[in-house]
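File shown: data25.pdb. Contents: PDB, C-alpha atoms.
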ATOM      1  CA  LYS U   1       0.050 -53.141  37.827
ATOM      2  CA  GLN U   2      -1.379 -49.692  37.155
ATOM      3  CA  GLU U   3       1.113 -46.971  36.300
ATOM      4  CA  VAL U   4       0.172 -43.321  35.912
ATOM      5  CA  THR U   5       2.414 -40.913  34.028
ATOM      6  CA  GLN U   6       2.138 -37.154  33.710
ATOM      7  CA  ILE U   7       3.815 -35.147  31.003
ATOM      8  CA  PRO U   8       5.356 -32.634  31.141
ATOM      9  CA  ALA U   9       6.884 -32.703  34.627
ATOM     10  CA  ALA U  10       7.071 -28.904  34.620
ATOM     11  CA  LEU U  11       5.546 -26.132  32.554
ATOM     12  CA  SER U  12       5.984 -22.370  32.510
ATOM     13  CA  VAL U  13       3.614 -20.128  30.541
ATOM     14  CA  PRO U  14       2.859 -16.411  30.397
ATOM     15  CA  GLU U  15      -0.409 -15.218  31.855
ATOM     16  CA  GLY U  16      -3.342 -15.569  29.473
ATOM     17  CA  GLU U  17      -2.093 -18.629  27.653
ATOM     18  CA  ASN U  18      -4.029 -21.885  27.771
ATOM     19  CA  LEU U  19      -2.559 -24.787  29.744
ATOM     20  CA  VAL U  20      -2.619 -28.388  28.520
ATOM     21  CA  LEU U  21      -1.656 -31.083  31.014
ATOM     22  CA  ASN U  22      -1.453 -34.738  30.065
ATOM     23  CA  CYS U  23      -2.011 -37.908  32.057
ATOM     24  CA  SER U  24      -1.683 -41.488  30.841
ATOM     25  CA  PHE U  25      -2.398 -44.787  32.572
ATOM     26  CA  THR U  26      -1.528 -48.351  31.651
ATOM     27  CA  ASP U  27      -4.620 -50.273  32.826
ATOM     28  CA  SER U  28      -7.873 -49.061  31.280
ATOM     29  CA  ALA U  29      -9.978 -50.828  33.930
ATOM     30  CA  ILE U  30     -10.458 -47.685  35.985
ATOM     31  CA  TYR U  31     -13.584 -46.510  37.765
ATOM     32  CA  ASN U  32     -12.889 -42.829  37.657
ATOM     33  CA  LEU U  33     -10.124 -40.295  37.184
ATOM     34  CA  GLN U  34      -9.603 -37.242  39.377
ATOM     35  CA  TRP U  35      -7.556 -34.137  38.761
ATOM     36  CA  PHE U  36      -6.163 -32.366  41.814
ATOM     37  CA  ARG U  37      -4.249 -29.208  42.523
ATOM     38  CA  GLN U  38      -1.585 -29.033  45.227
ATOM     39  CA  ASP U  39       0.032 -25.853  46.490
ATOM     40  CA  PRO U  40       3.502 -26.197  48.074
ATOM     41  CA  GLY U  41       3.373 -28.071  51.384
ATOM     42  CA  LYS U  42      -0.404 -28.236  51.326
ATOM     43  CA  GLY U  43      -3.097 -30.850  50.845
ATOM     44  CA  LEU U  44      -4.911 -31.646  47.622
ATOM     45  CA  THR U  45      -7.818 -29.713  46.177
ATOM     46  CA  SER U  46     -10.116 -31.742  43.948
ATOM     47  CA  LEU U  47     -10.652 -30.019  40.610
ATOM     48  CA  LEU U  48     -12.609 -32.458  38.470
ATOM     49  CA  LEU U  49     -13.758 -36.056  38.640
ATOM     50  CA  ILE U  50     -14.555 -37.956  35.452
ATOM     51  CA  GLN U  51     -16.498 -41.184  35.773
ATOM     52  CA  SER U  52     -15.259 -44.063  33.628
ATOM     53  CA  SER U  53     -18.389 -43.805  31.482
ATOM     54  CA  GLN U  54     -17.844 -40.100  30.767
ATOM     55  CA  ARG U  55     -15.687 -38.505  28.077
ATOM     56  CA  GLU U  56     -15.478 -34.997  29.460
ATOM     57  CA  GLN U  57     -16.072 -32.833  32.509
ATOM     58  CA  THR U  58     -16.054 -29.044  32.793
ATOM     59  CA  SER U  59     -15.875 -26.564  35.640
ATOM     60  CA  GLY U  60     -15.370 -22.898  34.892
ATOM     61  CA  ARG U  61     -12.055 -22.440  33.045
ATOM     62  CA  LEU U  62     -11.211 -26.124  33.533
ATOM     63  CA  ASN U  63     -12.024 -28.905  31.119
ATOM     64  CA  ALA U  64     -10.884 -32.505  31.428
ATOM     65  CA  SER U  65     -11.248 -35.231  28.834
ATOM     66  CA  LEU U  66     -10.954 -38.973  29.266
ATOM     67  CA  ASP U  67     -10.187 -41.613  26.641
ATOM     68  CA  LYS U  68     -10.281 -44.829  28.625
ATOM     69  CA  SER U  69      -9.472 -47.107  25.722
ATOM     70  CA  SER U  70      -6.215 -45.326  24.983
ATOM     71  CA  GLY U  71      -5.439 -44.677  28.640
ATOM     72  CA  ARG U  72      -5.296 -40.902  28.414
ATOM     73  CA  SER U  73      -6.731 -37.833  30.085
ATOM     74  CA  THR U  74      -6.045 -34.184  29.364
ATOM     75  CA  LEU U  75      -6.704 -31.205  31.610
ATOM     76  CA  TYR U  76      -7.180 -27.865  29.856
ATOM     77  CA  ILE U  77      -7.023 -24.619  31.787
ATOM     78  CA  ALA U  78      -8.165 -21.652  29.738
ATOM     79  CA  ALA U  79      -6.707 -18.156  30.033
ATOM     80  CA  SER U  80      -4.177 -19.010  32.741
ATOM     81  CA  GLN U  81      -3.616 -16.682  35.701
ATOM     82  CA  PRO U  82      -0.700 -16.419  38.164
ATOM     83  CA  GLY U  83      -3.009 -17.958  40.785
ATOM     84  CA  ASP U  84      -3.067 -21.138  38.700
ATOM     85  CA  SER U  85       0.569 -21.756  39.621
ATOM     86  CA  ALA U  86       0.641 -25.064  41.493
ATOM     87  CA  THR U  87       1.331 -28.767  40.982
ATOM     88  CA  TYR U  88      -1.439 -30.617  39.181
ATOM     89  CA  LEU U  89      -1.932 -34.308  39.902
ATOM     90  CA  CYS U  90      -4.055 -36.865  38.169
ATOM     91  CA  ALA U  91      -5.173 -40.049  39.888
ATOM     92  CA  VAL U  92      -7.086 -43.107  38.728
ATOM     93  CA  SER U  93      -9.385 -45.029  41.020
ATOM     94  CA  ASP U  94      -9.761 -48.791  41.239
ATOM     95  CA  SER U  95     -12.984 -50.581  42.150
ATOM     96  CA  TRP U  96     -12.418 -49.904  45.855
ATOM     97  CA  GLY U  97     -11.666 -46.238  45.539
ATOM     98  CA  LYS U  98      -7.917 -46.560  46.022
ATOM     99  CA  LEU U  99      -6.234 -43.757  44.094
ATOM    100  CA  GLN U 100      -3.077 -44.283  42.052
ATOM    101  CA  PHE U 101      -1.360 -40.958  41.438
ATOM    102  CA  GLY U 102       0.921 -39.611  38.767
ATOM    103  CA  ALA U 103       4.017 -37.659  39.776
ATOM    104  CA  GLY U 104       2.394 -34.364  38.872
ATOM    105  CA  THR U 105       3.015 -31.422  36.572
ATOM    106  CA  GLN U 106       4.456 -28.309  38.214
ATOM    107  CA  VAL U 107       2.933 -25.225  36.587
ATOM    108  CA  VAL U 108       4.232 -21.667  36.785
ATOM    109  CA  VAL U 109       2.188 -18.864  35.243
ATOM    110  CA  THR U 110       4.232 -15.689  34.897
ATOM    111  CA  PRO U 111       2.555 -12.248  35.020
TER     112      PRO U 111
ATOM    113  CA  GLU L 112     -19.656 -27.552  55.639
ATOM    114  CA  ALA L 113     -16.310 -28.337  57.253
ATOM    115  CA  GLY L 114     -13.770 -30.183  55.169
ATOM    116  CA  VAL L 115     -11.432 -32.979  56.172
ATOM    117  CA  THR L 116      -9.328 -31.966  59.142
ATOM    118  CA  GLN L 117      -6.004 -33.393  60.279
ATOM    119  CA  SER L 118      -3.905 -32.935  63.388
ATOM    120  CA  PRO L 119      -1.265 -32.102  64.223
ATOM    121  CA  THR L 120      -0.054 -29.887  61.370
ATOM    122  CA  HIS L 121       3.553 -30.720  62.105
ATOM    123  CA  LEU L 122       5.108 -33.527  64.122
ATOM    124  CA  ILE L 123       8.771 -33.976  64.941
ATOM    125  CA  LYS L 124       9.975 -37.312  66.299
ATOM    126  CA  THR L 125      13.235 -39.144  66.667
ATOM    127  CA  ARG L 126      14.118 -42.484  65.142
ATOM    128  CA  GLY L 127      12.544 -45.415  66.987
ATOM    129  CA  GLN L 128       9.687 -43.405  68.480
ATOM    130  CA  GLN L 129       6.010 -43.780  67.653
ATOM    131  CA  ALA L 130       3.851 -41.192  65.860
ATOM    132  CA  THR L 131       0.074 -40.814  65.960
ATOM    133  CA  LEU L 132      -1.717 -38.795  63.304
ATOM    134  CA  ARG L 133      -5.424 -37.962  63.391
ATOM    135  CA  CYS L 134      -8.063 -37.331  60.759
ATOM    136  CA  SER L 135     -11.694 -36.232  60.895
ATOM    137  CA  PRO L 136     -13.686 -36.863  57.717
ATOM    138  CA  ILE L 137     -16.352 -34.691  56.201
ATOM    139  CA  SER L 138     -19.652 -35.145  58.021
ATOM    140  CA  GLY L 139     -21.555 -38.060  56.495
ATOM    141  CA  HIS L 140     -18.477 -39.671  54.951
ATOM    142  CA  THR L 141     -17.762 -43.181  56.207
ATOM    143  CA  SER L 142     -14.592 -44.005  54.282
ATOM    144  CA  VAL L 143     -11.182 -42.689  55.268
ATOM    145  CA  TYR L 144      -8.038 -43.147  53.188
ATOM    146  CA  TRP L 145      -4.439 -42.469  54.220
ATOM    147  CA  TYR L 146      -1.685 -41.562  51.750
ATOM    148  CA  GLN L 147       2.023 -40.846  52.156
ATOM    149  CA  GLN L 148       3.781 -38.189  50.103
ATOM    150  CA  ALA L 149       7.517 -38.577  50.595
ATOM    151  CA  LEU L 150      10.022 -36.417  48.759
ATOM    152  CA  GLY L 151      10.834 -37.940  45.417
ATOM    153  CA  LEU L 152       8.359 -40.819  45.782
ATOM    154  CA  GLY L 153       5.052 -39.188  44.988
ATOM    155  CA  LEU L 154       1.730 -39.952  46.622
ATOM    156  CA  GLN L 155       1.296 -43.555  47.707
ATOM    157  CA  PHE L 156      -1.785 -45.272  49.112
ATOM    158  CA  LEU L 157      -1.341 -46.443  52.701
ATOM    159  CA  LEU L 158      -4.630 -47.596  54.239
ATOM    160  CA  TRP L 159      -8.388 -47.541  53.741
ATOM    161  CA  TYR L 160     -10.907 -47.711  56.576
ATOM    162  CA  ASP L 161     -14.642 -47.993  56.286
ATOM    163  CA  GLU L 162     -17.256 -48.623  58.958
ATOM    164  CA  GLY L 163     -14.517 -49.193  61.517
ATOM    165  CA  GLU L 164     -12.712 -51.885  59.543
ATOM    166  CA  GLU L 165      -9.440 -51.876  57.617
ATOM    167  CA  ARG L 166     -10.500 -52.670  54.041
ATOM    168  CA  ASN L 167      -7.245 -52.391  52.134
ATOM    169  CA  ARG L 168      -3.614 -51.486  52.658
ATOM    170  CA  GLY L 169      -0.831 -50.464  50.371
ATOM    171  CA  ASN L 170       2.687 -51.813  50.167
ATOM    172  CA  PHE L 171       3.827 -50.632  53.593
ATOM    173  CA  PRO L 172       5.250 -52.616  56.537
ATOM    174  CA  PRO L 173       3.046 -53.628  59.492
ATOM    175  CA  ARG L 174       4.488 -50.863  61.678
ATOM    176  CA  PHE L 175       2.090 -48.605  59.770
ATOM    177  CA  SER L 176      -1.318 -49.236  61.286
ATOM    178  CA  GLY L 177      -4.399 -47.388  62.284
ATOM    179  CA  ARG L 178      -7.991 -47.535  63.273
ATOM    180  CA  GLN L 179     -11.326 -45.905  62.638
ATOM    181  CA  PHE L 180     -13.581 -44.844  65.471
ATOM    182  CA  PRO L 181     -17.410 -45.062  65.691
ATOM    183  CA  ASN L 182     -17.649 -41.393  64.668
ATOM    184  CA  TYR L 183     -15.619 -42.299  61.513
ATOM    185  CA  SER L 184     -12.570 -40.314  62.544
ATOM    186  CA  SER L 185      -9.308 -42.172  62.104
ATOM    187  CA  GLU L 186      -5.840 -42.509  63.552
ATOM    188  CA  LEU L 187      -2.672 -43.506  61.753
ATOM    189  CA  ASN L 188       0.065 -44.959  63.932
ATOM    190  CA  VAL L 189       3.635 -45.374  62.811
ATOM    191  CA  ASN L 190       5.801 -47.440  65.127
ATOM    192  CA  ALA L 191       9.590 -47.702  65.282
ATOM    193  CA  LEU L 192      10.027 -44.577  63.174
ATOM    194  CA  GLU L 193      12.727 -44.547  60.529
ATOM    195  CA  LEU L 194      14.280 -41.544  58.812
ATOM    196  CA  GLU L 195      12.549 -42.433  55.525
ATOM    197  CA  ASP L 196       9.131 -42.113  57.211
ATOM    198  CA  SER L 197       9.578 -38.343  56.986
ATOM    199  CA  ALA L 198       6.788 -37.244  54.676
ATOM    200  CA  LEU L 199       3.501 -35.407  54.319
ATOM    201  CA  TYR L 200       0.691 -37.726  55.403
ATOM    202  CA  LEU L 201      -2.624 -36.969  53.758
ATOM    203  CA  CYS L 202      -6.035 -38.185  54.782
ATOM    204  CA  ALA L 203      -9.027 -38.276  52.460
ATOM    205  CA  SER L 204     -12.671 -39.113  52.967
ATOM    206  CA  SER L 205     -15.438 -40.174  50.631
ATOM    207  CA  LEU L 206     -19.168 -40.606  50.774
ATOM    208  CA  VAL L 207     -19.756 -43.967  49.135
ATOM    209  CA  PRO L 208     -17.346 -46.695  50.161
ATOM    210  CA  GLY L 209     -15.798 -49.163  47.796
ATOM    211  CA  GLN L 210     -17.665 -48.338  44.648
ATOM    212  CA  GLY L 211     -14.969 -46.479  42.854
ATOM    213  CA  HIS L 212     -17.174 -43.658  41.644
ATOM    214  CA  ASN L 213     -16.810 -41.706  44.826
ATOM    215  CA  GLU L 214     -14.877 -38.476  44.909
ATOM    216  CA  GLN L 215     -12.191 -38.227  47.558
ATOM    217  CA  PHE L 216     -11.677 -35.012  49.489
ATOM    218  CA  PHE L 217      -8.332 -34.403  51.108
ATOM    219  CA  GLY L 218      -7.254 -32.754  54.317
ATOM    220  CA  PRO L 219      -4.325 -30.329  54.668
ATOM    221  CA  GLY L 220      -1.932 -33.066  55.798
ATOM    222  CA  THR L 221       0.430 -33.710  58.689
ATOM    223  CA  ARG L 222       4.118 -33.075  58.064
ATOM    224  CA  LEU L 223       6.084 -35.754  59.942
ATOM    225  CA  THR L 224       9.790 -35.191  60.392
ATOM    226  CA  VAL L 225      11.931 -37.985  61.826
ATOM    227  CA  LEU L 226      15.326 -36.928  63.178
TER     228      LEU L 226
END

Take the structure in the file and give it back as structure tokens.
Amino acid sequence: KQEVTQIPAALSVPEGENLVLNCSFTDSAIYNLQWFRQDPGKGLTSLLLIQSSQREQTSGRLNASLDKSSGRSTLYIAASQPGDSATYLCAVSDSWGKLQFGAGTQVVVTP
Amino acid sequence: EAGVTQSPTHLIKTRGQQATLRCSPISGHTSVYWYQQALGLGLQFLLWYDEGEERNRGNFPPRFSGRQFPNYSSELNVNALELEDSALYLCASSLVPGQGHNEQFFGPGTRLTVL
């Protein structure tokens, strides 16, 4: 059974620092991995999707890496801003697109 | 292009009643997924519909059901509501069904409160 873990559960950094969020999964037979952002009480915003054949994906200040063999993904957010404060979720997809989510990392960026 | 929409935004019911939640996918998307986000339990997969058929369901009792209409919109029905059904229900849609490479796009959710 696939299990997805995110560490740390919470993170507080001053503005301008880089953020490093970790995600690990137990079954390497994934089809893709998605990183999402969730603001309190809101839906999910897709940030990056990494196909199982890819090692890395970048969008603006965001960079996500994937090491399928070791069951790990890392999301880097460069030069953090207060607007980056949110909960970040990673999810792995099975062959039918069903997403298995981690519990999330709650990020606070202080001005 | 409009995103995934869900209605209502909030729904308050009492124990034993039935709740109906609605979702409209992004235009051109045929797959609709439902997820439950209950406090302390994280996001859990509920149901997947594609081309009008239920393709997969998560570990939820049969009182959670739904359907997908010819225009690909979807309804989630929860019968005999229990207090622990209180949660944010999220709907997602994707372009390519069942191939696992498809990106899912989420709606804003429906907050269901059971009193």

Suppose a student applies the PyMOL selection byres ((chain U) within 6 of (chain L)) to this structure; what residues should they get, written as a PDB file with C-alpha atoms, keeping the file's coordinate frame?
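Just written: result.pdb:
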ATOM      1  CA  TYR U  31     -13.584 -46.510  37.765  1.00  0.00           C
ATOM      2  CA  ASN U  32     -12.889 -42.829  37.657  1.00  0.00           C
ATOM      3  CA  LYS U  42      -0.404 -28.236  51.326  1.00  0.00           C
ATOM      4  CA  GLY U  43      -3.097 -30.850  50.845  1.00  0.00           C
ATOM      5  CA  LEU U  44      -4.911 -31.646  47.622  1.00  0.00           C
ATOM      6  CA  ASP U  94      -9.761 -48.791  41.239  1.00  0.00           C
ATOM      7  CA  SER U  95     -12.984 -50.581  42.150  1.00  0.00           C
ATOM      8  CA  TRP U  96     -12.418 -49.904  45.855  1.00  0.00           C
ATOM      9  CA  GLY U  97     -11.666 -46.238  45.539  1.00  0.00           C
ATOM     10  CA  ALA U 103       4.017 -37.659  39.776  1.00  0.00           C
TER      11      ALA U 103
END

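For Asn63 of chain U, the list of residues within 8 Å, based on all atoms listed in the file and with local chain neighbours fewer than 6 positions off taken out, reads U:Glu56, U:Gln57, U:Leu75, U:Tyr76, U:Ile77.
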
Taking C-alpha atoms for each residue, export the selection above as a PDB file, in the coordinates of the input.
ATOM      1  CA  GLU U  56     -15.478 -34.997  29.460  1.00  0.00           C
ATOM      2  CA  GLN U  57     -16.072 -32.833  32.509  1.00  0.00           C
ATOM      3  CA  LEU U  75      -6.704 -31.205  31.610  1.00  0.00           C
ATOM      4  CA  TYR U  76      -7.180 -27.865  29.856  1.00  0.00           C
ATOM      5  CA  ILE U  77      -7.023 -24.619  31.787  1.00  0.00           C
TER       6      ILE U  77
END

Spatial neighbours of segment 33-39 of chain U, max dist 10 Å, all atoms listed in the file, sep filter under 2 positions, as an mmCIF file with C-alpha atoms, in the frame of the given file:
data_model
loop_
_atom_site.group_PDB
_atom_site.id
_atom_site.type_symbol
_atom_site.label_atom_id
_atom_site.label_comp_id
_atom_site.auth_asym_id
_atom_site.auth_seq_id
_atom_site.Cartn_x
_atom_site.Cartn_y
_atom_site.Cartn_z
ATOM 1 C CA CYS U 23 -2.011 -37.908 32.057
ATOM 2 C CA ILE U 30 -10.458 -47.685 35.985
ATOM 3 C CA TYR U 31 -13.584 -46.510 37.765
ATOM 4 C CA GLY U 41 3.373 -28.071 51.384
ATOM 5 C CA LYS U 42 -0.404 -28.236 51.326
ATOM 6 C CA GLY U 43 -3.097 -30.850 50.845
ATOM 7 C CA LEU U 44 -4.911 -31.646 47.622
ATOM 8 C CA THR U 45 -7.818 -29.713 46.177
ATOM 9 C CA SER U 46 -10.116 -31.742 43.948
ATOM 10 C CA LEU U 47 -10.652 -30.019 40.610
ATOM 11 C CA LEU U 48 -12.609 -32.458 38.470
ATOM 12 C CA LEU U 49 -13.758 -36.056 38.640
ATOM 13 C CA ILE U 50 -14.555 -37.956 35.452
ATOM 14 C CA GLN U 51 -16.498 -41.184 35.773
ATOM 15 C CA SER U 52 -15.259 -44.063 33.628
ATOM 16 C CA ALA U 64 -10.884 -32.505 31.428
ATOM 17 C CA SER U 65 -11.248 -35.231 28.834
ATOM 18 C CA LEU U 66 -10.954 -38.973 29.266
ATOM 19 C CA LYS U 68 -10.281 -44.829 28.625
ATOM 20 C CA SER U 73 -6.731 -37.833 30.085
ATOM 21 C CA THR U 74 -6.045 -34.184 29.364
ATOM 22 C CA LEU U 75 -6.704 -31.205 31.610
ATOM 23 C CA ASP U 84 -3.067 -21.138 38.700
ATOM 24 C CA SER U 85 0.569 -21.756 39.621
ATOM 25 C CA ALA U 86 0.641 -25.064 41.493
ATOM 26 C CA THR U 87 1.331 -28.767 40.982
ATOM 27 C CA TYR U 88 -1.439 -30.617 39.181
ATOM 28 C CA LEU U 89 -1.932 -34.308 39.902
ATOM 29 C CA CYS U 90 -4.055 -36.865 38.169
ATOM 30 C CA ALA U 91 -5.173 -40.049 39.888
ATOM 31 C CA VAL U 92 -7.086 -43.107 38.728
ATOM 32 C CA SER U 93 -9.385 -45.029 41.020
ATOM 33 C CA ASP U 94 -9.761 -48.791 41.239
ATOM 34 C CA LEU U 99 -6.234 -43.757 44.094
ATOM 35 C CA GLN U 100 -3.077 -44.283 42.052
ATOM 36 C CA PHE U 101 -1.360 -40.958 41.438
ATOM 37 C CA GLY U 104 2.394 -34.364 38.872
ATOM 38 C CA THR U 105 3.015 -31.422 36.572
ATOM 39 C CA GLN U 106 4.456 -28.309 38.214
ATOM 40 C CA GLY L 211 -14.969 -46.479 42.854
ATOM 41 C CA HIS L 212 -17.174 -43.658 41.644
ATOM 42 C CA GLU L 214 -14.877 -38.476 44.909
ATOM 43 C CA GLN L 215 -12.191 -38.227 47.558
ATOM 44 C CA PHE L 216 -11.677 -35.012 49.489
ATOM 45 C CA PHE L 217 -8.332 -34.403 51.108
ATOM 46 C CA PRO L 219 -4.325 -30.329 54.668
#

Around all listed atoms of segment 121-125 of chain L, padded 5 Å per side, what centre and edge lengths does the axis-aligned box have in Å to one decimal, as JSON?
{"center_x": 8.4, "center_y": -34.9, "center_z": 64.4, "size_x": 19.7, "size_y": 18.4, "size_z": 14.6}

- [ ] For atom CA of Thr110 of chain U and atom CA of Leu21 of chain U, quote the distance in Å rounded to one decimal.
- [x]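 Here the two named atoms are 16.9 Å from each other.
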
Open item on the list: To test your reading of the syntax: which residues would the PyMOL selection byres ((chain L and resi 118) around 8) return for the file shown? Reply as a ChimeraX atom specification.
Closed with: /L:116-117,119-121,132-134,220-221

Open item on the list: Every residue with an atom at most 10 Å from (9.6, -31.2, 33.1) (file coordinates; all atoms listed in the file) is what I'm after, so could you write them as a VMD selection string?
Closed with: chain U and resid 6 to 12 104 to 107

Task: d(atom CA of Glu186 of chain L, atom CA of Gly163 of chain L) in Å - done: 11.1 Å

Hey, could you patch up segment 4-12 of chain U with all heavy atoms and hand it over as a short mmCIF file (atom, residue, chain, number, x, y, z; two decimals), in the frame of the given file?
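Everything below was put into part_4.cif:
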data_model
loop_
_atom_site.label_atom_id
_atom_site.label_comp_id
_atom_site.auth_asym_id
_atom_site.auth_seq_id
_atom_site.Cartn_x
_atom_site.Cartn_y
_atom_site.Cartn_z
N VAL U 4 0.71 -44.60 36.36
CA VAL U 4 0.17 -43.32 35.91
C VAL U 4 1.33 -42.38 35.64
O VAL U 4 2.20 -42.19 36.49
CB VAL U 4 -0.77 -42.72 36.97
CG1 VAL U 4 -1.37 -41.40 36.48
CG2 VAL U 4 -1.88 -43.70 37.34
N THR U 5 1.32 -41.79 34.45
CA THR U 5 2.41 -40.91 34.03
C THR U 5 1.86 -39.54 33.66
O THR U 5 0.82 -39.46 32.98
CB THR U 5 3.14 -41.51 32.80
OG1 THR U 5 3.58 -42.83 33.12
CG2 THR U 5 4.34 -40.65 32.42
N GLN U 6 2.55 -38.51 34.07
CA GLN U 6 2.14 -37.15 33.71
C GLN U 6 3.26 -36.45 32.96
O GLN U 6 4.40 -36.45 33.41
CB GLN U 6 1.76 -36.35 34.96
CG GLN U 6 0.47 -36.84 35.60
CD GLN U 6 0.02 -35.93 36.72
OE1 GLN U 6 0.03 -36.32 37.89
NE2 GLN U 6 -0.41 -34.73 36.37
N ILE U 7 2.86 -35.87 31.84
CA ILE U 7 3.82 -35.15 31.00
C ILE U 7 3.20 -33.80 30.62
O ILE U 7 2.01 -33.74 30.29
CB ILE U 7 4.13 -35.95 29.72
CG1 ILE U 7 4.90 -37.23 30.08
CG2 ILE U 7 4.94 -35.11 28.74
CD1 ILE U 7 5.09 -38.15 28.91
N PRO U 8 3.96 -32.67 30.69
CA PRO U 8 5.36 -32.63 31.14
C PRO U 8 5.47 -32.62 32.66
O PRO U 8 4.47 -32.45 33.36
CB PRO U 8 5.84 -31.31 30.55
CG PRO U 8 4.62 -30.44 30.58
CD PRO U 8 3.45 -31.36 30.30
N ALA U 9 6.67 -32.77 33.18
CA ALA U 9 6.88 -32.70 34.63
C ALA U 9 6.79 -31.27 35.12
O ALA U 9 6.41 -31.02 36.26
CB ALA U 9 8.25 -33.29 34.98
N ALA U 10 7.14 -30.32 34.26
CA ALA U 10 7.07 -28.90 34.62
C ALA U 10 6.72 -28.09 33.39
O ALA U 10 7.03 -28.47 32.26
CB ALA U 10 8.40 -28.43 35.21
N LEU U 11 6.06 -26.96 33.64
CA LEU U 11 5.55 -26.13 32.55
C LEU U 11 5.51 -24.69 33.02
O LEU U 11 5.05 -24.40 34.12
CB LEU U 11 4.13 -26.61 32.22
CG LEU U 11 3.36 -26.05 31.05
CD1 LEU U 11 4.11 -26.30 29.75
CD2 LEU U 11 1.99 -26.70 30.99
N SER U 12 6.02 -23.79 32.19
CA SER U 12 5.98 -22.37 32.51
C SER U 12 5.35 -21.63 31.35
O SER U 12 5.80 -21.80 30.20
CB SER U 12 7.39 -21.84 32.78
OG SER U 12 7.35 -20.46 33.11
#
